[in-house]
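A.B. asks: Contents of upload-v9.cif (mmCIF, C-alpha atoms) are given next:
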```cif
data_coords
loop_
_atom_site.label_atom_id
_atom_site.label_comp_id
_atom_site.auth_asym_id
_atom_site.auth_seq_id
_atom_site.Cartn_x
_atom_site.Cartn_y
_atom_site.Cartn_z
CA MET A 1 -14.35 19.24 -21.91
CA ASN A 2 -11.55 20.95 -20.05
CA TRP A 3 -8.28 19.17 -19.21
CA ALA A 4 -9.53 17.94 -15.82
CA GLU A 5 -12.70 16.47 -17.36
CA ILE A 6 -10.61 14.76 -20.05
CA ILE A 7 -8.55 13.04 -17.35
CA VAL A 8 -11.70 11.89 -15.56
CA LYS A 9 -13.07 10.50 -18.84
CA ALA A 10 -9.82 8.59 -19.52
CA LEU A 11 -9.94 7.06 -16.04
CA LYS A 12 -13.49 5.91 -16.62
CA ASP A 13 -12.76 4.60 -20.10
CA TRP A 14 -10.05 2.36 -18.61
CA ASP A 15 -12.15 1.31 -15.62
CA ILE A 16 -9.75 2.96 -13.18
CA SER A 17 -12.02 3.50 -10.21
CA LEU A 18 -9.76 3.73 -7.16
CA ILE A 19 -7.75 6.95 -6.90
CA ALA A 20 -5.16 7.40 -4.14
CA TYR A 21 -3.69 10.81 -3.41
CA VAL A 22 -2.37 13.21 -0.82
CA PRO A 23 -4.85 16.11 -0.70
CA ASP A 24 -3.31 19.25 -2.24
CA ILE A 25 -4.68 22.33 -3.97
CA SER A 26 -2.43 21.68 -6.99
CA ILE A 27 -4.42 18.61 -8.06
CA ASP A 28 -7.75 19.74 -6.69
CA GLN A 29 -9.20 20.60 -10.10
CA VAL A 30 -9.23 16.88 -10.92
CA THR A 31 -9.71 15.30 -7.51
CA SER A 32 -12.72 17.52 -6.74
CA LEU A 33 -14.42 16.13 -9.87
CA ILE A 34 -13.50 12.59 -8.86
CA GLU A 35 -14.81 13.10 -5.34
CA LYS A 36 -18.26 14.06 -6.67
CA ASP A 37 -18.49 11.06 -9.00
CA PRO A 38 -19.84 7.82 -7.49
CA PHE A 39 -17.90 5.78 -10.05
CA PHE A 40 -14.74 6.49 -8.07
CA ARG A 41 -13.41 5.76 -4.60
CA LEU A 42 -11.04 8.58 -3.66
CA VAL A 43 -8.57 7.52 -0.94
CA PRO A 44 -6.60 10.19 0.93
CA ALA A 45 -3.14 9.13 2.14
CA THR A 46 -0.65 10.76 4.47
CA ARG A 47 2.28 10.28 2.08
CA GLU A 48 2.63 9.72 -1.66
CA GLU A 49 4.47 6.40 -1.24
CA GLU A 50 1.44 5.25 0.69
CA SER A 51 -0.72 6.14 -2.32
CA ILE A 52 1.48 3.86 -4.39
CA GLY A 53 0.98 1.03 -1.89
CA ILE A 54 -2.81 1.50 -1.87
CA ALA A 55 -2.91 1.52 -5.67
CA VAL A 56 -0.85 -1.65 -6.09
CA GLY A 57 -2.95 -3.44 -3.48
CA SER A 58 -6.10 -2.45 -5.30
CA TYR A 59 -4.72 -3.64 -8.63
CA ALA A 60 -3.64 -6.97 -7.10
CA ALA A 61 -7.21 -7.48 -5.95
CA GLY A 62 -8.64 -6.75 -9.40
CA ARG A 63 -9.58 -3.07 -9.20
CA ASN A 64 -7.60 -0.71 -11.45
CA ALA A 65 -6.13 2.26 -9.62
CA ALA A 66 -4.23 5.48 -10.27
CA VAL A 67 -2.40 8.01 -8.11
CA PHE A 68 -2.30 11.80 -8.14
CA MET A 69 0.61 13.70 -6.67
CA GLN A 70 2.72 16.80 -6.97
CA SER A 71 6.35 16.53 -8.16
CA SER A 72 7.58 16.94 -4.58
CA GLY A 73 5.43 13.93 -3.65
CA PHE A 74 6.89 11.96 -6.53
CA GLY A 75 10.22 12.46 -4.78
CA ASN A 76 8.74 10.88 -1.66
CA SER A 77 7.42 7.90 -3.60
CA VAL A 78 10.49 6.83 -5.62
CA ASN A 79 11.43 3.91 -3.36
CA ALA A 80 7.89 2.53 -3.34
CA ILE A 81 7.80 2.71 -7.14
CA ALA A 82 11.20 1.02 -7.46
CA THR A 83 10.77 -1.69 -4.84
CA LEU A 84 7.05 -2.38 -5.07
CA CYS A 85 5.44 -1.30 -8.35
CA ILE A 86 8.24 -2.32 -10.69
CA PRO A 87 9.16 -5.76 -9.25
CA ALA A 88 5.48 -6.63 -8.81
CA ARG A 89 4.84 -5.53 -12.43
CA THR A 90 1.93 -3.31 -11.48
CA PRO A 91 0.46 -0.88 -14.02
CA ILE A 92 -0.29 2.30 -12.10
CA PRO A 93 -0.91 5.56 -14.00
CA MET A 94 0.74 8.35 -11.99
CA PHE A 95 -0.64 11.85 -12.63
CA ILE A 96 2.03 14.28 -11.49
CA ASN A 97 1.55 18.02 -11.14
CA LEU A 98 4.98 19.07 -12.42
CA ARG A 99 6.28 22.07 -10.49
CA GLY A 100 9.46 23.98 -11.25
CA GLY A 101 8.74 24.95 -14.85
CA PRO A 102 7.60 28.20 -16.52
CA GLY A 103 5.53 30.20 -14.05
CA GLU A 104 7.04 28.64 -10.91
CA PHE A 105 7.22 31.08 -8.00
CA ASN A 106 8.71 28.83 -5.31
CA ILE A 107 12.47 28.17 -5.41
CA SER A 108 12.01 25.03 -3.32
CA GLN A 109 9.97 23.35 -6.07
CA VAL A 110 12.47 23.79 -8.90
CA ALA A 111 15.12 21.13 -8.22
CA MET A 112 12.66 18.31 -7.49
CA GLY A 113 10.36 19.34 -10.32
CA GLN A 114 13.22 19.28 -12.80
CA ALA A 115 14.39 15.89 -11.46
CA VAL A 116 11.09 14.04 -11.98
CA LYS A 117 11.56 13.02 -15.62
CA PRO A 118 15.26 12.07 -15.29
CA ILE A 119 14.36 9.85 -12.31
CA MET A 120 11.62 8.15 -14.33
CA ASP A 121 14.12 7.66 -17.17
CA GLN A 122 16.56 6.04 -14.76
CA LEU A 123 13.82 3.70 -13.53
CA GLY A 124 12.92 2.81 -17.11
CA LEU A 125 9.41 4.22 -16.82
CA VAL A 126 7.52 5.65 -19.77
CA HIS A 127 6.18 9.17 -19.25
CA PHE A 128 4.28 11.83 -21.13
CA THR A 129 4.11 15.58 -20.52
CA LEU A 130 0.94 17.57 -21.12
CA ASP A 131 1.44 21.32 -21.66
CA ASP A 132 -1.98 21.93 -23.22
CA ASP A 133 -5.19 20.04 -23.94
CA ARG A 134 -4.65 19.59 -27.68
CA ASN A 135 -4.83 15.85 -28.50
CA MET A 136 -5.01 15.19 -24.78
CA GLU A 137 -7.79 12.60 -25.10
CA LYS A 138 -5.80 10.61 -27.66
CA ILE A 139 -2.57 10.86 -25.70
CA LEU A 140 -4.20 9.71 -22.47
CA ASP A 141 -6.00 6.83 -24.15
CA GLY A 142 -2.73 5.67 -25.69
CA ALA A 143 -0.86 6.15 -22.42
CA MET A 144 -3.36 4.01 -20.51
CA LYS A 145 -3.19 1.28 -23.17
CA LEU A 146 0.60 1.29 -22.96
CA CYS A 147 0.57 1.26 -19.16
CA TYR A 148 -1.55 -1.89 -18.98
CA ALA A 149 0.19 -3.62 -21.88
CA ASN A 150 3.59 -2.95 -20.28
CA ARG A 151 2.41 -3.80 -16.75
CA GLN A 152 4.55 -1.04 -15.27
CA PRO A 153 3.77 2.33 -13.74
CA LEU A 154 3.60 5.24 -16.16
CA GLY A 155 3.96 8.98 -15.59
CA VAL A 156 1.63 11.68 -16.93
CA CYS A 157 3.18 15.04 -16.10
CA LEU A 158 0.74 17.96 -15.91
CA THR A 159 2.55 21.27 -16.27
CA GLN A 160 1.60 24.70 -15.04
CA LEU A 161 1.04 25.67 -18.68
CA LEU A 162 -1.78 23.12 -18.78
CA HIS A 163 -3.59 23.86 -15.55
CA GLY A 164 -2.60 27.42 -14.73
CA GLY A 165 -0.30 26.63 -11.86
CA LYS A 166 -0.55 26.77 -8.13
CA LEU A 167 -1.40 30.19 -6.73
CA ALA A 168 1.38 32.02 -4.89
CA MET B 1 15.66 -16.42 28.14
CA THR B 2 18.22 -15.03 25.67
CA VAL B 3 18.28 -14.57 21.87
CA ASN B 4 21.63 -13.91 20.17
CA GLY B 5 23.15 -13.57 23.64
CA ARG B 6 20.73 -10.79 24.64
CA PRO B 7 18.30 -11.30 27.52
CA LEU B 8 14.63 -10.92 26.59
CA PRO B 9 12.39 -8.57 28.55
CA GLY B 10 10.27 -10.25 31.19
CA GLY B 11 6.55 -10.96 31.12
CA PRO B 12 4.40 -13.26 29.02
CA VAL B 13 5.20 -13.55 25.32
CA ILE B 14 4.21 -15.85 22.43
CA ALA B 15 6.59 -17.71 20.10
CA SER B 16 6.08 -15.91 16.80
CA MET B 17 5.62 -19.10 14.81
CA ASP B 18 2.84 -20.19 17.19
CA ALA B 19 1.15 -16.79 16.73
CA THR B 20 1.46 -17.14 12.97
CA LYS B 21 -0.09 -20.62 13.06
CA ALA B 22 -2.95 -19.25 15.18
CA VAL B 23 -3.67 -16.59 12.54
CA ASN B 24 -3.55 -19.26 9.85
CA PHE B 25 -6.01 -21.41 11.82
CA HIS B 26 -8.57 -18.58 11.78
CA ARG B 27 -7.74 -17.27 8.30
CA LYS B 28 -10.33 -19.12 6.19
CA ASP B 29 -10.28 -17.48 2.73
CA ALA B 30 -8.98 -14.06 3.73
CA LEU B 31 -6.44 -12.24 1.59
CA VAL B 32 -3.19 -11.88 3.53
CA VAL B 33 -0.45 -9.32 2.93
CA SER B 34 2.68 -9.95 4.97
CA THR B 35 6.09 -8.38 5.24
CA SER B 36 9.56 -8.69 6.80
CA SER B 37 9.92 -11.45 9.43
CA ALA B 38 6.15 -11.98 9.41
CA LEU B 39 6.37 -12.88 5.70
CA ARG B 40 9.23 -15.33 6.31
CA GLU B 41 7.07 -17.22 8.83
CA TRP B 42 3.74 -16.83 7.05
CA SER B 43 5.08 -18.30 3.80
CA GLN B 44 6.03 -21.49 5.73
CA VAL B 45 2.62 -21.79 7.37
CA SER B 46 0.03 -20.52 4.88
CA GLU B 47 -2.19 -23.11 3.22
CA ARG B 48 -3.61 -20.61 0.71
CA ARG B 49 -0.59 -19.12 -1.05
CA ASP B 50 -2.92 -18.27 -3.94
CA LEU B 51 -4.43 -15.61 -1.66
CA ASP B 52 -1.16 -14.29 -0.22
CA VAL B 53 0.33 -10.96 -1.27
CA ASP B 54 4.02 -11.00 -0.29
CA LEU B 55 6.02 -7.84 0.34
CA SER B 56 9.60 -9.04 -0.01
CA ASP B 57 10.70 -5.43 -0.16
CA CYS B 58 9.20 -2.02 0.50
CA MET B 59 8.30 -3.53 3.84
CA ASP B 60 6.76 -0.45 5.42
CA ARG B 61 3.98 -0.40 2.83
CA ALA B 62 2.08 -3.47 4.08
CA PRO B 63 -0.77 -1.45 5.67
CA ALA B 64 -1.19 0.59 2.47
CA VAL B 65 -1.26 -2.50 0.26
CA GLY B 66 -3.72 -4.10 2.68
CA LEU B 67 -5.95 -1.03 2.46
CA GLY B 68 -5.90 -1.21 -1.34
CA LEU B 69 -6.84 -4.89 -1.22
CA ALA B 70 -9.61 -4.23 1.30
CA LEU B 71 -11.17 -1.41 -0.75
CA ALA B 72 -10.98 -3.45 -3.93
CA GLN B 73 -12.52 -6.58 -2.35
CA PRO B 74 -14.94 -5.21 0.24
CA GLN B 75 -16.86 -8.48 0.45
CA GLY B 76 -13.83 -10.42 1.73
CA LYS B 77 -11.55 -10.21 4.74
CA VAL B 78 -8.03 -8.79 4.43
CA LEU B 79 -5.33 -9.49 7.03
CA VAL B 80 -2.16 -7.41 7.25
CA LEU B 81 0.75 -9.14 9.02
CA ASP B 82 3.03 -6.29 10.01
CA CYS B 83 6.00 -5.91 12.37
CA ASP B 84 6.64 -3.28 15.01
CA SER B 85 9.89 -2.25 13.30
CA THR B 86 8.22 -1.72 9.91
CA LEU B 87 5.15 0.03 11.31
CA ARG B 88 7.47 2.39 13.22
CA THR B 89 8.77 3.70 9.89
CA ASN B 90 5.25 4.34 8.62
CA LEU B 91 3.11 5.57 11.48
CA GLY B 92 1.07 7.75 9.10
CA GLY B 93 -0.32 4.51 7.68
CA LEU B 94 -2.45 4.20 10.82
CA ALA B 95 -4.12 7.53 10.05
CA THR B 96 -4.72 6.55 6.42
CA ILE B 97 -6.46 3.32 7.42
CA GLY B 98 -8.43 5.09 10.14
CA GLU B 99 -9.66 7.73 7.68
CA SER B 100 -10.73 5.16 5.07
CA SER B 101 -12.32 2.88 7.69
CA PRO B 102 -12.35 -0.43 5.79
CA GLU B 103 -14.62 -2.74 7.81
CA ASN B 104 -12.97 -5.84 6.35
CA LEU B 105 -9.37 -5.10 7.39
CA VAL B 106 -7.49 -6.62 10.33
CA HIS B 107 -4.05 -5.17 10.99
CA PHE B 108 -1.81 -7.50 13.02
CA VAL B 109 1.44 -6.14 14.40
CA PHE B 110 3.92 -8.71 15.69
CA ASP B 111 5.71 -6.76 18.41
CA ASP B 112 9.00 -8.65 18.54
CA VAL B 113 10.72 -8.42 21.92
CA SER B 114 13.74 -10.27 20.45
CA SER B 115 14.21 -7.61 17.70
CA ILE B 116 15.01 -10.30 15.11
CA SER B 117 13.54 -8.24 12.25
CA THR B 118 16.27 -5.69 12.96
CA SER B 119 18.91 -8.45 13.21
CA GLY B 120 18.74 -8.50 16.99
CA ILE B 121 19.52 -4.81 17.32
CA PRO B 122 17.05 -3.19 19.71
CA ILE B 123 15.46 0.08 18.61
CA ARG B 124 16.07 2.62 21.35
CA GLN B 125 12.93 3.89 23.06
CA VAL B 126 10.68 1.78 20.82
CA ASP B 127 8.81 0.58 23.91
CA ASN B 128 7.70 4.17 24.46
CA LEU B 129 5.60 3.98 21.30
CA ASP B 130 2.07 2.98 22.25
CA LEU B 131 0.97 1.55 18.92
CA VAL B 132 -2.40 0.43 20.26
CA GLN B 133 -3.22 3.92 21.52
CA MET B 134 -2.05 5.37 18.19
CA ALA B 135 -4.36 3.00 16.32
CA LYS B 136 -7.28 3.98 18.56
CA SER B 137 -6.74 7.69 18.08
CA SER B 138 -6.28 7.18 14.33
CA GLY B 139 -9.79 5.81 13.99
CA TYR B 140 -9.47 2.02 14.15
CA ALA B 141 -12.83 0.64 15.23
CA LYS B 142 -11.41 -1.88 17.69
CA THR B 143 -8.02 -2.80 19.15
CA TYR B 144 -6.73 -5.94 20.86
CA GLU B 145 -3.52 -6.97 22.62
CA PHE B 146 -2.35 -10.55 23.17
CA ASP B 147 0.70 -11.93 24.95
CA LYS B 148 -0.54 -15.46 25.77
CA LEU B 149 -1.11 -18.09 23.09
CA GLU B 150 -4.29 -19.52 24.63
CA GLU B 151 -5.88 -16.08 24.76
CA LEU B 152 -4.82 -15.38 21.19
CA LEU B 153 -6.33 -18.62 19.91
CA ILE B 154 -9.66 -17.90 21.63
CA GLY B 155 -9.60 -14.15 21.00
CA LEU B 156 -9.05 -14.46 17.26
CA GLU B 157 -12.58 -15.78 16.84
CA GLU B 158 -13.91 -12.42 18.02
CA VAL B 159 -11.27 -10.49 16.10
CA MET B 160 -12.36 -12.09 12.83
CA ARG B 161 -16.04 -11.33 13.51
CA GLN B 162 -15.40 -7.70 14.46
CA ALA B 163 -16.18 -4.90 12.02
CA GLY B 164 -12.97 -3.09 11.30
CA PRO B 165 -10.59 -1.64 10.85
CA VAL B 166 -9.22 -3.78 13.66
CA PHE B 167 -5.74 -3.45 15.17
CA VAL B 168 -4.16 -6.45 16.91
CA ARG B 169 -0.85 -6.20 18.77
CA VAL B 170 0.70 -9.60 19.44
CA LYS B 171 3.76 -9.67 21.69
CA VAL B 172 6.12 -12.28 20.24
CA PHE B 173 9.68 -13.54 20.39
CA ARG B 174 11.74 -15.26 17.72
CA ASP B 175 14.44 -17.83 18.36
CA GLY B 176 17.13 -16.05 16.39
CA ILE B 177 17.00 -18.28 13.30
CA GLN B 178 15.88 -16.21 10.28
CA LEU B 179 13.73 -18.24 7.91
CA PRO B 180 14.20 -17.59 4.17
CA PHE B 181 11.96 -15.32 2.14
CA PRO B 182 9.62 -17.20 -0.25
CA GLU B 183 11.18 -18.35 -3.50
CA ARG B 184 8.40 -17.04 -5.74
CA SER B 185 8.88 -13.49 -6.95
CA MET B 186 6.52 -10.67 -6.03
CA ALA B 187 5.37 -10.49 -9.65
CA GLU B 188 4.53 -14.22 -9.74
CA GLY B 189 2.72 -14.14 -6.41
CA TRP B 190 0.74 -11.00 -7.13
CA ALA B 191 -0.26 -12.23 -10.58
CA GLU B 192 -1.53 -15.44 -8.98
CA VAL B 193 -3.69 -13.51 -6.54
CA ARG B 194 -5.10 -11.22 -9.24
CA GLU B 195 -5.84 -14.19 -11.47
CA LYS B 196 -7.63 -15.91 -8.59
CA LEU B 197 -9.76 -12.85 -7.89
CA THR B 198 -10.37 -11.74 -11.48
CA PRO B 199 -10.19 -14.94 -13.53
CA VAL B 200 -11.51 -13.40 -16.76
CA GLU B 201 -8.80 -11.24 -18.30
CA ASN B 202 -8.68 -9.86 -21.80
CA GLY B 203 -5.61 -11.07 -23.64
CA PRO B 204 -3.49 -8.86 -25.90
CA GLU B 205 -5.27 -7.75 -29.03
#
```
Could you show the structure in this file as structure tokens?
C.D. replies:
Amino acid sequence: MNWAEIIVKALKDWDISLIAYVPDISIDQVTSLIEKDPFFRLVPATREEESIGIAVGSYAAGRNAAVFMQSSGFGNSVNAIATLCIPARTPIPMFINLRGGPGEFNISQVAMGQAVKPIMDQLGLVHFTLDDDRNMEKILDGAMKLCYANRQPLGVCLTQLLHGGKLA
Amino acid sequence: MTVNGRPLPGGPVIASMDATKAVNFHRKDALVVSTSSALREWSQVSERRDLDVDLSDCMDRAPAVGLGLALAQPQGKVLVLDCDSTLRTNLGGLATIGESSPENLVHFVFDDVSSISTSGIPIRQVDNLDLVQMAKSSGYAKTYEFDKLEELLIGLEEVMRQAGPVFVRVKVFRDGIQLPFPERSMAEGWAEVREKLTPVENGPE
């Protein structure tokens, strides 16, 4: 399995069947797999904070959900995470394409990309960073277990070293 | 008529609490997500708090949460009780609902001519926003507008039968007295709803 297929397997293993996202080429390697798989319902949103709202609503109604976003979209969604996910104690795995690291070509992506993990630290959220697919299955399985045990959102940062980066 | 010393615009309008009671009368066992001033009133009126998802904060996310509920429980009805002031900050939410087309979702917007949800401060040019037209062009299957209580009470029967997503604009006024937010926390309320809908949960191993 490649890294995208490992993520899809982890989602299935944890019965996470509703995926909310803002369509973007940077996460397309995963979301295109999800879109073809009838196990999932892929829900496009206009903004990342909306994806958070859709995911928490789904969880409240008994269907586990996750969100996919780029680091710039994480910036958009901070208030929804802080005022909705956290006080409602909602476990939402957040898969974040982390821009601004090695291989970045766009100056505009650096500051926000570098701020993602410090912001999650300030919010008290657990997060993991995946630079390659070694042990990825184990890490994701443990991350999902922790997310649901802790009943809080959790970040999984996917770096350009893992997925090859967005094309310039 | 004045609220907080400001004259209200003319034309027919419904007392917001009466509109809220009308929705409750037709609610049956629908899930209800409410926010802002709509939540303050709904929490006083609702007879099924075990099926209510309160948004005490992050108020512009009510349509998104309602969409998540509707997709997760497609066999049941989901009502979103939204306000014009909160929807104005999240107009893209109309497009998201239109694209996903949940047949079981009814999106109410209480269009408050007294501007109580913004503490009586009118939003300049807000009347220029045609929310009903926006909902139509975003892909809502059906839209309704009500400004008379009798027509709302009768019309809600059809609204609840209609395949959605349905958008309902209700022109309301509030008397200037802000009701309190519900005492239960979001975490308590949401856990109650999830437990009601998914009663069998695995405990910690």
A.B. asks: When distances are computed from only C-alpha atoms, which of A:Ala80, A:Met69, A:Ile25, A:Ile34 shows the smallest separation from Arg61 in chain B?
C.D. replies: A:Ala80
A.B. asks: Which residues fall under the PyMOL selection byres ((chain B) within 10 of (chain A)) in this file, as a PyMOL selection string?
C.D. replies: chain B and resi 31+33+51+53-73+90-97+99-100+185-199+201+203-205
A.B. asks: Do you know which residues the PyMOL selection byres ((chain A and resi 74) around 12) returns on this file, as number ranges by chain?
C.D. replies: A: 21-22, 47-52, 67-73, 75-82, 94-99, 109, 112-117, 119-120, 155-157
A.B. asks: Given the file above and the PyMOL selection byres ((chain B and resi 129-140) around 10), which residues are selected, and can you give them as a PyMOL selection string?
C.D. replies: chain B and resi 84+87-88+91-103+105-107+109+111+125-128+141-145+163-169
A.B. asks: Can I get the selected residues back with C-alpha atoms, as a short mmCIF file (atom, residue, chain, number, x, y, z; two decimals), in the frame of the given file?
C.D. replies:
```
data_model
loop_
_atom_site.label_atom_id
_atom_site.label_comp_id
_atom_site.auth_asym_id
_atom_site.auth_seq_id
_atom_site.Cartn_x
_atom_site.Cartn_y
_atom_site.Cartn_z
CA ASP B 84 6.64 -3.28 15.01
CA LEU B 87 5.15 0.03 11.31
CA ARG B 88 7.47 2.39 13.22
CA LEU B 91 3.11 5.57 11.48
CA GLY B 92 1.07 7.75 9.10
CA GLY B 93 -0.32 4.51 7.68
CA LEU B 94 -2.45 4.20 10.82
CA ALA B 95 -4.12 7.53 10.05
CA THR B 96 -4.72 6.55 6.42
CA ILE B 97 -6.46 3.32 7.42
CA GLY B 98 -8.43 5.09 10.14
CA GLU B 99 -9.66 7.73 7.68
CA SER B 100 -10.73 5.16 5.07
CA SER B 101 -12.32 2.88 7.69
CA PRO B 102 -12.35 -0.43 5.79
CA GLU B 103 -14.62 -2.74 7.81
CA LEU B 105 -9.37 -5.10 7.39
CA VAL B 106 -7.49 -6.62 10.33
CA HIS B 107 -4.05 -5.17 10.99
CA VAL B 109 1.44 -6.14 14.40
CA ASP B 111 5.71 -6.76 18.41
CA GLN B 125 12.93 3.89 23.06
CA VAL B 126 10.68 1.78 20.82
CA ASP B 127 8.81 0.58 23.91
CA ASN B 128 7.70 4.17 24.46
CA ALA B 141 -12.83 0.64 15.23
CA LYS B 142 -11.41 -1.88 17.69
CA THR B 143 -8.02 -2.80 19.15
CA TYR B 144 -6.73 -5.94 20.86
CA GLU B 145 -3.52 -6.97 22.62
CA ALA B 163 -16.18 -4.90 12.02
CA GLY B 164 -12.97 -3.09 11.30
CA PRO B 165 -10.59 -1.64 10.85
CA VAL B 166 -9.22 -3.78 13.66
CA PHE B 167 -5.74 -3.45 15.17
CA VAL B 168 -4.16 -6.45 16.91
CA ARG B 169 -0.85 -6.20 18.77
#
```
A.B. asks: Rank nothing, just name the residue among A:Val8, A:Ile16, A:Gly101, A:Leu158 nearest to Glu35 in chain A, using all atoms listed in the file.
C.D. replies: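 Using all atoms listed in the file, the shortest distance to Glu35 in chain A belongs to A:Val8.
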A.B. asks: May I ask for the distance between CA of Val78 in chain B and CA of Val32 in chain B, given in Å to one decimal place?
C.D. replies: 5.8 Å
A.B. asks: Show which residues sit within 8 Å of range 124-140 of chain A, as a list in words. Count only C-alpha atoms, and ignore same-chain residues fewer than 2 positions away.
C.D. replies: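 Answer for this query is Asn2, Trp3, Ile6, Ile7, Ala10, Lys117, Met120, Asp121, Gln122, Gly142, Ala143, Met144, Gln152, Pro153, Leu154, Gly155, Val156, Cys157, Leu158, Thr159, Gln160, Leu161 and Leu162 of chain A.
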A.B. asks: Keeping only C-alpha atoms, write those residues as a PDB file, in the frame of the given file.
C.D. replies:
```pdb
ATOM      1  CA  ASN A   2     -11.550  20.950 -20.050  1.00  0.00           C
ATOM      2  CA  TRP A   3      -8.280  19.170 -19.210  1.00  0.00           C
ATOM      3  CA  ILE A   6     -10.610  14.760 -20.050  1.00  0.00           C
ATOM      4  CA  ILE A   7      -8.550  13.040 -17.350  1.00  0.00           C
ATOM      5  CA  ALA A  10      -9.820   8.590 -19.520  1.00  0.00           C
ATOM      6  CA  LYS A 117      11.560  13.020 -15.620  1.00  0.00           C
ATOM      7  CA  MET A 120      11.620   8.150 -14.330  1.00  0.00           C
ATOM      8  CA  ASP A 121      14.120   7.660 -17.170  1.00  0.00           C
ATOM      9  CA  GLN A 122      16.560   6.040 -14.760  1.00  0.00           C
ATOM     10  CA  GLY A 142      -2.730   5.670 -25.690  1.00  0.00           C
ATOM     11  CA  ALA A 143      -0.860   6.150 -22.420  1.00  0.00           C
ATOM     12  CA  MET A 144      -3.360   4.010 -20.510  1.00  0.00           C
ATOM     13  CA  GLN A 152       4.550  -1.040 -15.270  1.00  0.00           C
ATOM     14  CA  PRO A 153       3.770   2.330 -13.740  1.00  0.00           C
ATOM     15  CA  LEU A 154       3.600   5.240 -16.160  1.00  0.00           C
ATOM     16  CA  GLY A 155       3.960   8.980 -15.590  1.00  0.00           C
ATOM     17  CA  VAL A 156       1.630  11.680 -16.930  1.00  0.00           C
ATOM     18  CA  CYS A 157       3.180  15.040 -16.100  1.00  0.00           C
ATOM     19  CA  LEU A 158       0.740  17.960 -15.910  1.00  0.00           C
ATOM     20  CA  THR A 159       2.550  21.270 -16.270  1.00  0.00           C
ATOM     21  CA  GLN A 160       1.600  24.700 -15.040  1.00  0.00           C
ATOM     22  CA  LEU A 161       1.040  25.670 -18.680  1.00  0.00           C
ATOM     23  CA  LEU A 162      -1.780  23.120 -18.780  1.00  0.00           C
TER      24      LEU A 162
END
```
A.B. asks: When you count all atoms listed in the file, which of these residues is closest to Lys171 in chain B: B:Val113, B:Val45, B:Leu81, B:Ala38?
C.D. replies: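 Comparing B:Val113, B:Val45, B:Leu81, B:Ala38 against Lys171 in chain B, the winner is B:Val113.
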A.B. asks: Please report the interatomic distance between CA of Ala4 in chain A and CA of Pro91 in chain A in Å with one decimal.
C.D. replies: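 Result for CA of Ala4 in chain A versus CA of Pro91 in chain A: 21.4 Å, one decimal.
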A.B. asks: Select, from A:Ile92, A:His163, A:Ser32, A:Asp37, the residue with the minimum atom-to-atom distance to Cys147 in chain A, counting only C-alpha atoms.
C.D. replies: A:Ile92
A.B. asks: For a test of reading the model, state the distance in Å between CA of Ser114 in chain B and CA of Pro182 in chain B, rounded to one decimal.
C.D. replies: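 Computing the Euclidean distance for CA of Ser114 in chain B and CA of Pro182 in chain B yields 22.2 Å.
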A.B. asks: Report, as JSON, the axis-aligned box around all atoms of range 150-166 of chain B present in the file, extended by 3 Å on each side; give centre and edge lengths in Å to one decimal place.
C.D. replies:
```
{"center_x": -10.2, "center_y": -10.6, "center_z": 17.8, "size_x": 17.9, "size_y": 23.9, "size_z": 19.9}
```
A.B. asks: When you look at Val170 in chain B with a cut-off of 9 Å (counting all atoms listed in the file), what residues show up, excluding the ones that are within fewer than 2 positions of it in the same chain? I need them as a ChimeraX atom specification.
C.D. replies: /B:13-14,16,19,108-112,144-148,152,168,172
